[in-house]
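coords-v8.csv (CSV, C-alpha atoms) appears below.
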```
chain,number,residue,atom,x,y,z
A,1,MET,CA,22.2,-92.1,1.9
A,2,ALA,CA,25.3,-91.6,4.1
A,3,VAL,CA,25.6,-89.1,6.9
A,4,ALA,CA,28.8,-87.2,6.2
A,5,ASP,CA,30.0,-86.8,9.8
A,6,GLY,CA,28.3,-89.8,11.5
A,7,GLN,CA,28.7,-89.2,15.3
A,8,GLY,CA,31.5,-86.7,14.8
A,9,VAL,CA,29.2,-83.9,16.0
A,10,PHE,CA,29.1,-85.5,19.5
A,11,ARG,CA,31.8,-85.6,22.1
A,12,VAL,CA,31.0,-89.1,23.3
A,13,ARG,CA,30.4,-91.8,20.7
A,14,PHE,CA,29.6,-95.5,20.5
A,15,ASP,CA,29.7,-98.1,17.7
A,16,TRP,CA,30.3,-101.7,16.9
A,17,GLY,CA,33.2,-103.7,15.5
A,18,PRO,CA,36.2,-102.7,13.4
A,19,VAL,CA,34.3,-100.7,10.9
A,20,GLY,CA,32.5,-98.9,13.7
A,21,ALA,CA,35.8,-98.2,15.4
A,22,ASP,CA,37.1,-96.6,12.2
A,23,ALA,CA,33.9,-94.4,12.2
A,24,VAL,CA,34.0,-93.1,15.8
A,25,ALA,CA,37.7,-93.0,16.7
A,26,PRO,CA,39.0,-90.1,14.6
A,27,GLY,CA,39.7,-87.1,16.8
A,28,ALA,CA,39.0,-89.0,20.1
A,29,ALA,CA,41.3,-88.5,23.0
A,30,TYR,CA,40.7,-92.0,24.2
A,31,VAL,CA,39.0,-95.1,22.6
A,32,ALA,CA,37.6,-97.7,25.0
A,33,VAL,CA,37.4,-101.2,23.5
A,34,VAL,CA,34.9,-103.6,25.1
A,35,ASP,CA,35.0,-107.3,24.6
A,36,VAL,CA,33.5,-108.8,27.8
A,37,LEU,CA,33.6,-112.5,26.8
A,38,SER,CA,36.4,-112.6,26.8
A,39,PHE,CA,39.3,-110.4,25.5
A,40,THR,CA,39.1,-107.3,27.7
A,41,THR,CA,38.1,-109.4,30.7
A,42,THR,CA,41.2,-111.6,30.2
A,43,LEU,CA,43.3,-108.5,29.5
A,44,THR,CA,42.1,-106.8,32.7
A,45,VAL,CA,42.8,-109.9,34.8
A,46,ALA,CA,46.2,-110.2,33.3
A,47,ILE,CA,47.0,-106.6,34.1
A,48,GLU,CA,45.7,-107.2,37.6
A,49,GLN,CA,48.3,-110.0,37.9
A,50,GLY,CA,51.2,-107.9,36.7
A,51,ILE,CA,51.3,-109.2,33.1
A,52,SER,CA,51.7,-106.9,30.1
A,53,VAL,CA,49.6,-107.9,27.1
A,54,LEU,CA,50.3,-107.6,23.4
A,55,PRO,CA,47.0,-107.7,21.4
A,56,TYR,CA,47.5,-109.8,18.3
A,57,ARG,CA,45.2,-110.0,15.3
A,58,TRP,CA,45.9,-113.5,14.1
A,59,ARG,CA,46.1,-116.9,15.7
A,60,ASP,CA,48.6,-118.6,13.4
A,61,ASP,CA,52.3,-119.3,13.2
A,62,SER,CA,53.1,-115.6,13.1
A,63,ALA,CA,51.7,-115.3,16.7
A,64,VAL,CA,54.2,-118.0,17.8
A,65,ALA,CA,57.1,-116.0,16.2
A,66,VAL,CA,55.9,-112.7,17.9
A,67,ALA,CA,55.7,-114.3,21.3
A,68,ARG,CA,59.2,-115.8,20.9
A,69,LEU,CA,60.6,-112.5,19.7
A,70,HIS,CA,59.3,-110.7,22.8
A,71,GLY,CA,60.1,-113.5,25.3
A,72,ALA,CA,56.4,-113.7,26.0
A,73,MET,CA,53.9,-116.5,26.6
A,74,LEU,CA,51.4,-117.1,23.8
A,75,ALA,CA,47.8,-117.6,24.8
A,76,VAL,CA,46.5,-120.8,23.1
A,77,LEU,CA,43.0,-121.9,22.3
A,78,ARG,CA,40.9,-123.0,25.2
A,79,SER,CA,40.4,-126.4,23.6
A,80,GLN,CA,44.2,-126.9,23.2
A,81,ALA,CA,45.4,-125.8,26.6
A,82,GLY,CA,47.6,-128.0,28.6
A,83,PRO,CA,48.7,-127.7,32.3
A,84,GLY,CA,50.1,-124.3,33.1
A,85,GLN,CA,49.1,-122.8,29.7
A,86,ILE,CA,47.2,-119.5,29.4
A,87,THR,CA,44.3,-119.1,27.0
A,88,LEU,CA,41.7,-116.4,26.3
A,89,SER,CA,40.0,-117.7,29.4
A,90,PRO,CA,40.5,-115.3,32.3
A,91,GLU,CA,40.3,-118.2,34.7
A,92,SER,CA,43.4,-119.7,33.1
A,93,ILE,CA,45.3,-116.7,34.4
A,94,LEU,CA,43.8,-116.9,37.9
A,95,ASN,CA,44.5,-120.6,38.1
A,96,THR,CA,48.2,-120.4,37.0
A,97,ASP,CA,51.1,-120.0,39.3
A,98,LEU,CA,52.5,-117.0,37.5
A,99,GLU,CA,55.6,-116.6,39.7
A,100,ALA,CA,56.6,-120.2,39.2
A,101,ALA,CA,55.9,-120.0,35.5
A,102,LYS,CA,57.8,-116.6,35.3
A,103,ILE,CA,55.1,-115.1,33.1
A,104,ASP,CA,55.2,-111.3,32.8
A,105,ARG,CA,54.3,-110.9,29.2
A,106,LEU,CA,51.5,-112.4,27.2
A,107,VAL,CA,50.6,-112.3,23.5
A,108,LEU,CA,46.9,-112.5,23.3
A,109,PRO,CA,45.3,-113.3,19.9
A,110,SER,CA,41.6,-112.5,19.5
A,111,PRO,CA,39.8,-111.8,16.2
A,112,ASN,CA,37.5,-109.2,17.9
A,113,GLY,CA,38.8,-107.1,20.8
A,114,SER,CA,42.5,-107.7,20.2
A,115,ALA,CA,42.2,-107.1,16.5
A,116,ILE,CA,40.2,-103.9,17.0
A,117,SER,CA,42.7,-102.7,19.7
A,118,ALA,CA,45.7,-103.2,17.4
A,119,ARG,CA,43.8,-101.6,14.5
A,120,LEU,CA,43.1,-98.5,16.5
A,121,ALA,CA,46.6,-98.2,17.8
A,122,ASP,CA,48.0,-98.4,14.3
A,123,ALA,CA,45.7,-95.5,13.4
A,124,GLY,CA,47.2,-93.5,16.3
A,125,ALA,CA,44.4,-93.8,18.9
A,126,THR,CA,45.0,-94.2,22.6
A,127,VAL,CA,43.2,-97.4,23.5
A,128,VAL,CA,41.8,-98.3,26.9
A,129,GLY,CA,40.7,-101.9,27.6
A,130,VAL,CA,37.3,-102.0,29.3
A,131,CYS,CA,35.1,-104.8,30.7
A,132,LEU,CA,32.5,-105.0,33.5
A,133,ARG,CA,35.2,-105.6,36.1
A,134,ASN,CA,36.9,-102.2,35.5
A,135,ALA,CA,34.3,-100.0,33.7
A,136,ALA,CA,33.8,-97.5,36.5
A,137,VAL,CA,37.5,-97.0,37.3
A,138,ALA,CA,38.4,-96.8,33.6
A,139,ALA,CA,35.7,-94.2,33.1
A,140,GLU,CA,36.9,-92.1,36.0
A,141,TRP,CA,40.5,-92.3,34.7
A,142,VAL,CA,39.4,-91.2,31.2
A,143,ALA,CA,37.2,-88.4,32.6
A,144,GLU,CA,40.1,-87.0,34.5
A,145,ARG,CA,42.2,-86.6,31.4
A,146,THR,CA,39.9,-85.7,28.5
A,147,ALA,CA,39.4,-82.0,29.3
A,148,GLY,CA,36.4,-81.9,27.1
A,149,ARG,CA,37.9,-83.8,24.2
A,150,PRO,CA,36.0,-86.5,22.4
A,151,VAL,CA,35.8,-90.1,23.7
A,152,ALA,CA,34.8,-93.1,21.6
A,153,VAL,CA,33.6,-96.5,22.8
A,154,VAL,CA,33.7,-99.6,20.6
A,155,ALA,CA,31.8,-102.8,21.4
A,156,ALA,CA,33.8,-105.6,19.8
A,157,GLY,CA,30.9,-108.0,19.2
A,158,GLU,CA,31.3,-111.6,18.0
A,159,ARG,CA,31.1,-113.2,14.6
A,160,TRP,CA,28.5,-115.2,12.8
A,161,PRO,CA,29.7,-118.4,11.0
A,162,ASP,CA,29.8,-116.4,7.7
A,163,GLY,CA,32.2,-113.9,9.4
A,164,SER,CA,29.8,-111.0,9.7
A,165,LEU,CA,29.5,-109.0,12.9
A,166,ARG,CA,27.2,-110.4,15.6
A,167,PRO,CA,26.3,-107.6,18.1
A,168,ALA,CA,26.9,-109.3,21.5
A,169,VAL,CA,24.7,-108.0,24.3
A,170,GLU,CA,27.5,-108.4,26.9
A,171,ASP,CA,29.6,-105.9,25.1
A,172,LEU,CA,26.7,-103.5,24.9
A,173,TRP,CA,26.3,-103.8,28.7
A,174,GLY,CA,30.1,-103.3,29.2
A,175,ALA,CA,30.1,-100.3,27.0
A,176,GLY,CA,27.0,-98.9,28.8
A,177,ALA,CA,28.6,-99.5,32.2
A,178,PHE,CA,31.7,-97.4,31.1
A,179,LEU,CA,29.5,-94.7,29.5
A,180,ALA,CA,27.2,-94.5,32.6
A,181,ALA,CA,30.2,-94.0,34.8
A,182,LEU,CA,31.7,-91.5,32.4
A,183,ALA,CA,28.4,-89.5,32.4
A,184,GLU,CA,28.5,-89.5,36.2
A,185,ALA,CA,32.1,-88.3,36.3
A,186,ASP,CA,31.9,-85.5,33.8
A,187,GLY,CA,28.2,-84.5,33.6
A,188,GLY,CA,27.2,-86.5,30.6
A,189,ALA,CA,27.2,-83.6,28.1
A,190,GLY,CA,27.6,-84.3,24.4
A,191,PHE,CA,26.6,-88.0,24.3
A,192,SER,CA,25.4,-89.4,21.0
A,193,PRO,CA,22.0,-91.2,20.8
A,194,GLU,CA,24.0,-94.4,20.3
A,195,ALA,CA,26.0,-93.8,23.5
A,196,LEU,CA,22.9,-93.0,25.4
A,197,THR,CA,21.3,-96.2,24.1
A,198,ALA,CA,24.2,-98.2,25.5
A,199,VAL,CA,23.8,-96.5,28.9
A,200,ALA,CA,20.1,-97.4,28.9
A,201,ALA,CA,20.8,-101.0,28.1
A,202,TYR,CA,23.2,-101.2,31.0
A,203,HIS,CA,20.8,-99.6,33.5
A,204,GLY,CA,18.1,-102.1,32.4
A,205,VAL,CA,20.2,-105.0,33.5
A,206,ALA,CA,22.7,-103.6,36.1
A,207,ASP,CA,20.9,-105.1,39.1
A,208,ARG,CA,20.9,-108.6,37.7
A,209,LEU,CA,24.0,-108.9,35.6
A,210,ALA,CA,25.2,-112.0,37.6
A,211,THR,CA,22.2,-113.9,36.3
A,212,ALA,CA,21.8,-112.2,32.9
A,213,LEU,CA,25.3,-112.6,31.6
A,214,PRO,CA,25.3,-116.4,31.9
A,215,GLU,CA,22.0,-116.5,29.9
A,216,SER,CA,23.4,-114.4,27.0
A,217,VAL,CA,24.2,-116.2,23.8
A,218,SER,CA,28.0,-115.9,24.5
A,219,GLY,CA,27.5,-116.8,28.1
A,220,ARG,CA,25.6,-120.0,27.3
A,221,GLU,CA,28.2,-120.9,24.7
A,222,LEU,CA,30.9,-120.7,27.3
A,223,ARG,CA,28.9,-122.6,29.9
A,224,VAL,CA,28.0,-125.4,27.5
A,225,ASN,CA,31.7,-125.8,26.6
A,226,GLY,CA,32.8,-126.0,30.2
A,227,PHE,CA,33.9,-122.4,30.9
A,228,ALA,CA,31.2,-121.2,33.3
A,229,GLY,CA,33.9,-119.8,35.5
A,230,ASP,CA,34.9,-117.4,32.8
A,231,VAL,CA,31.4,-115.9,32.8
A,232,THR,CA,31.5,-115.6,36.6
A,233,VAL,CA,34.9,-113.7,36.4
A,234,ALA,CA,33.5,-111.4,33.7
A,235,ALA,CA,30.3,-110.7,35.6
A,236,ALA,CA,32.2,-109.4,38.7
A,237,VAL,CA,31.3,-105.7,38.2
A,238,GLY,CA,33.9,-103.4,39.8
A,239,ALA,CA,36.3,-106.3,40.8
A,240,GLY,CA,39.2,-105.0,38.7
A,241,PRO,CA,41.0,-101.8,40.0
A,242,VAL,CA,43.2,-101.5,36.9
A,243,VAL,CA,43.0,-99.5,33.7
A,244,PRO,CA,44.8,-101.2,30.8
A,245,VAL,CA,46.2,-98.7,28.3
A,246,LEU,CA,47.9,-99.7,25.0
A,247,ARG,CA,51.3,-98.1,24.8
A,248,ASP,CA,54.0,-99.0,22.3
A,249,GLY,CA,52.1,-102.1,21.3
A,250,TRP,CA,51.5,-103.4,24.8
A,251,PHE,CA,48.7,-103.0,27.2
A,252,VAL,CA,50.1,-101.9,30.6
A,253,PRO,CA,48.5,-100.4,33.7
A,254,ALA,CA,47.6,-96.8,33.3
```
Please rewrite the model in this file as structure tokens.
Amino acid sequence: MAVADGQGVFRVRFDWGPVGADAVAPGAAYVAVVDVLSFTTTLTVAIEQGISVLPYRWRDDSAVAVARLHGAMLAVLRSQAGPGQITLSPESILNTDLEAAKIDRLVLPSPNGSAISARLADAGATVVGVCLRNAAVAAEWVAERTAGRPVAVVAAGERWPDGSLRPAVEDLWGAGAFLAALAEADGGAGFSPEALTAVAAYHGVADRLATALPESVSGRELRVNGFAGDVTVAAAVGAGPVVPVLRDGWFVPA
């Protein structure tokens, strides 16, 4: 039996994946998308370095064409990266001489965070990119502008081999970090039980994120494949002072 209005009776809402985004975004002044390992972390690092980011749904030949059309670099798969190429790895940005490479625009394909961001923007939502690095500053920025209007938070999650959604604990923590800071900034009124659950999950691990994140399923996967540095970058709570906002197809600093 379906609940007709879902979380629509609450001012601050939380859900998972593209279908959850469709459910909680209508009427929201801002929608925070959280994909800690690694889309929104890579996005935030790119914005920190002065790079505008176009979120792209598909990693195929069309992504190549879009990057060429906009005079942008296309992020490639981690396993296919050569010297000087950027991937979904935030470390790949930090380790690239961006000035020498003349990179100021990046097309960033991702089946989770990027696809959800583009989907929400197509539906008319104002999308904010959130990760552990910028959760607090993003929440403060949103709180200053909502004036009591609804806010939605979407944890991107990952995918099981059959394509179904795998709720990823790192995205729950990132969403909870944003929501906890939002509650502190504006008093915490009108949070749905789902949003409050994300806050509780974050508080339960906040003092040991640096050790918990590497032991998550996604964290272990990256470490086993040689990308432990990406997990370290993602776990740097508060290290990113920027708020990426999706405007006219591109994430830019708020």
Subject >> A:Gln7 environment, 9 Å, all atoms listed in the file, sequence neighbours closer than 2 positions dropped, as a list in words >> reply: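 Near A:Gln7, the qualifying residues are Val3, Asp5, Val9, Phe10, Arg11, Val12, Arg13, Phe14, Ala23, Val24, Ser192, Pro193 and Glu194 of chain A.
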**OP:** List the residues sitting within 10 Å of (38.7, -98.1, 33.3) in the file's frame, using only C-alpha atoms, as a VMD selection string.
**Re:** chain A and resid 32 44 128 to 143 178 181 to 182 238 240 to 245 254
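For the pair atom CA of A:Ala175 and atom CA of A:Ala236, the interatomic distance is 15.0 Å.
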Stretch 7-50 of chain A residues near stretch 216-220 of chain A within 12 Å, closest pair each, using all atoms listed in the file, as a tab-separated table:
```
residue	atom	partner	partner_atom	distance
A:Asp35	CA	A:Ser218	CA	11.1
A:Val36	CA	A:Ser218	CA	9.6
A:Leu37	CA	A:Ser218	CA	6.9
A:Ser38	CA	A:Ser218	CA	9.3
```
**OP:** Go through A:Thr211, A:Ser89, A:Thr126, A:Ser52 one by one, measure the shortest atom-to-atom distance of each to A:Leu106 using all atoms listed in the file, and give the residue with the smallest value.
**Re:** A:Ser52
Subject >> Distance criterion (only C-alpha atoms): nearest to A:Ala152 out of A:Thr96, A:Pro18, A:Ala234, A:Ala28 >> reply: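 Among the listed residues, the smallest separation from A:Ala152 belongs to A:Ala28.
Residues within 8 Å of A:Leu213, counting only C-alpha atoms and excluding same-chain residues fewer than 5 positions away, are A:Glu170, A:Gly219, A:Val231, A:Ala235.
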Export, as a tab-separated table (two decimals), in the frame of the given file, the selected residues with C-alpha atoms.
```
chain	number	residue	atom	x	y	z
A	170	GLU	CA	27.50	-108.40	26.90
A	219	GLY	CA	27.50	-116.80	28.10
A	231	VAL	CA	31.40	-115.90	32.80
A	235	ALA	CA	30.30	-110.70	35.60
```
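The two atoms in question, atom CA of A:Met73 and atom CA of A:Val107, are spaced 6.2 Å apart.
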Subject >> Surrounding residues of A:Asp22 excluding itself and chain neighbours under 3 positions, 9 Å, all atoms listed in the file, as JSON, numbers by chain >> reply: {"A": [17, 18, 19, 25, 26, 119, 120, 123]}
Original post:
What does the distance between atom CA of A:Thr42 and atom CA of A:Ala72 come to in Å, to one decimal place?
Top reply: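 The value is 15.9 Å.
Close contacts of stretch 154-157 of chain A, defined as residues with an atom at most 7 Å away when counting all atoms listed in the file, with chain neighbours fewer than 5 positions off set aside, comprise Phe14, Asp15, Trp16, Gly17, Ala21, Ala32, Val33, Val34, Asp35, Asn112, Gly113, Leu165, Arg166, Pro167, Ala168, Asp171, Leu172 and Ala175 of chain A.
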Subject >> Given all atoms listed in the file as the counted atoms, nearest of A:Ala185, A:Leu222, A:Ile103, A:Ala180 to A:Ala201 >> reply: A:Ala180
Output, as AutoDock Vina command-line options, the centre and edge lengths in Å (one decimal) of the axis-aligned box that contains all listed atoms of stretch 64-77 of chain A with 8 Å of margin on each side.
```
--center_x 51.8 --center_y -116.3 --center_z 21.4 --size_x 33.6 --size_y 27.2 --size_z 26.4
```
**OP:** Using all atoms listed in the file, pick whichever of A:Ala121, A:Leu88, A:Val224, A:Val237 has the shortest atom-to-atom distance to A:Arg208.
**Re:**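 Counting all atoms listed in the file, the residue closest to A:Arg208 is A:Val237.
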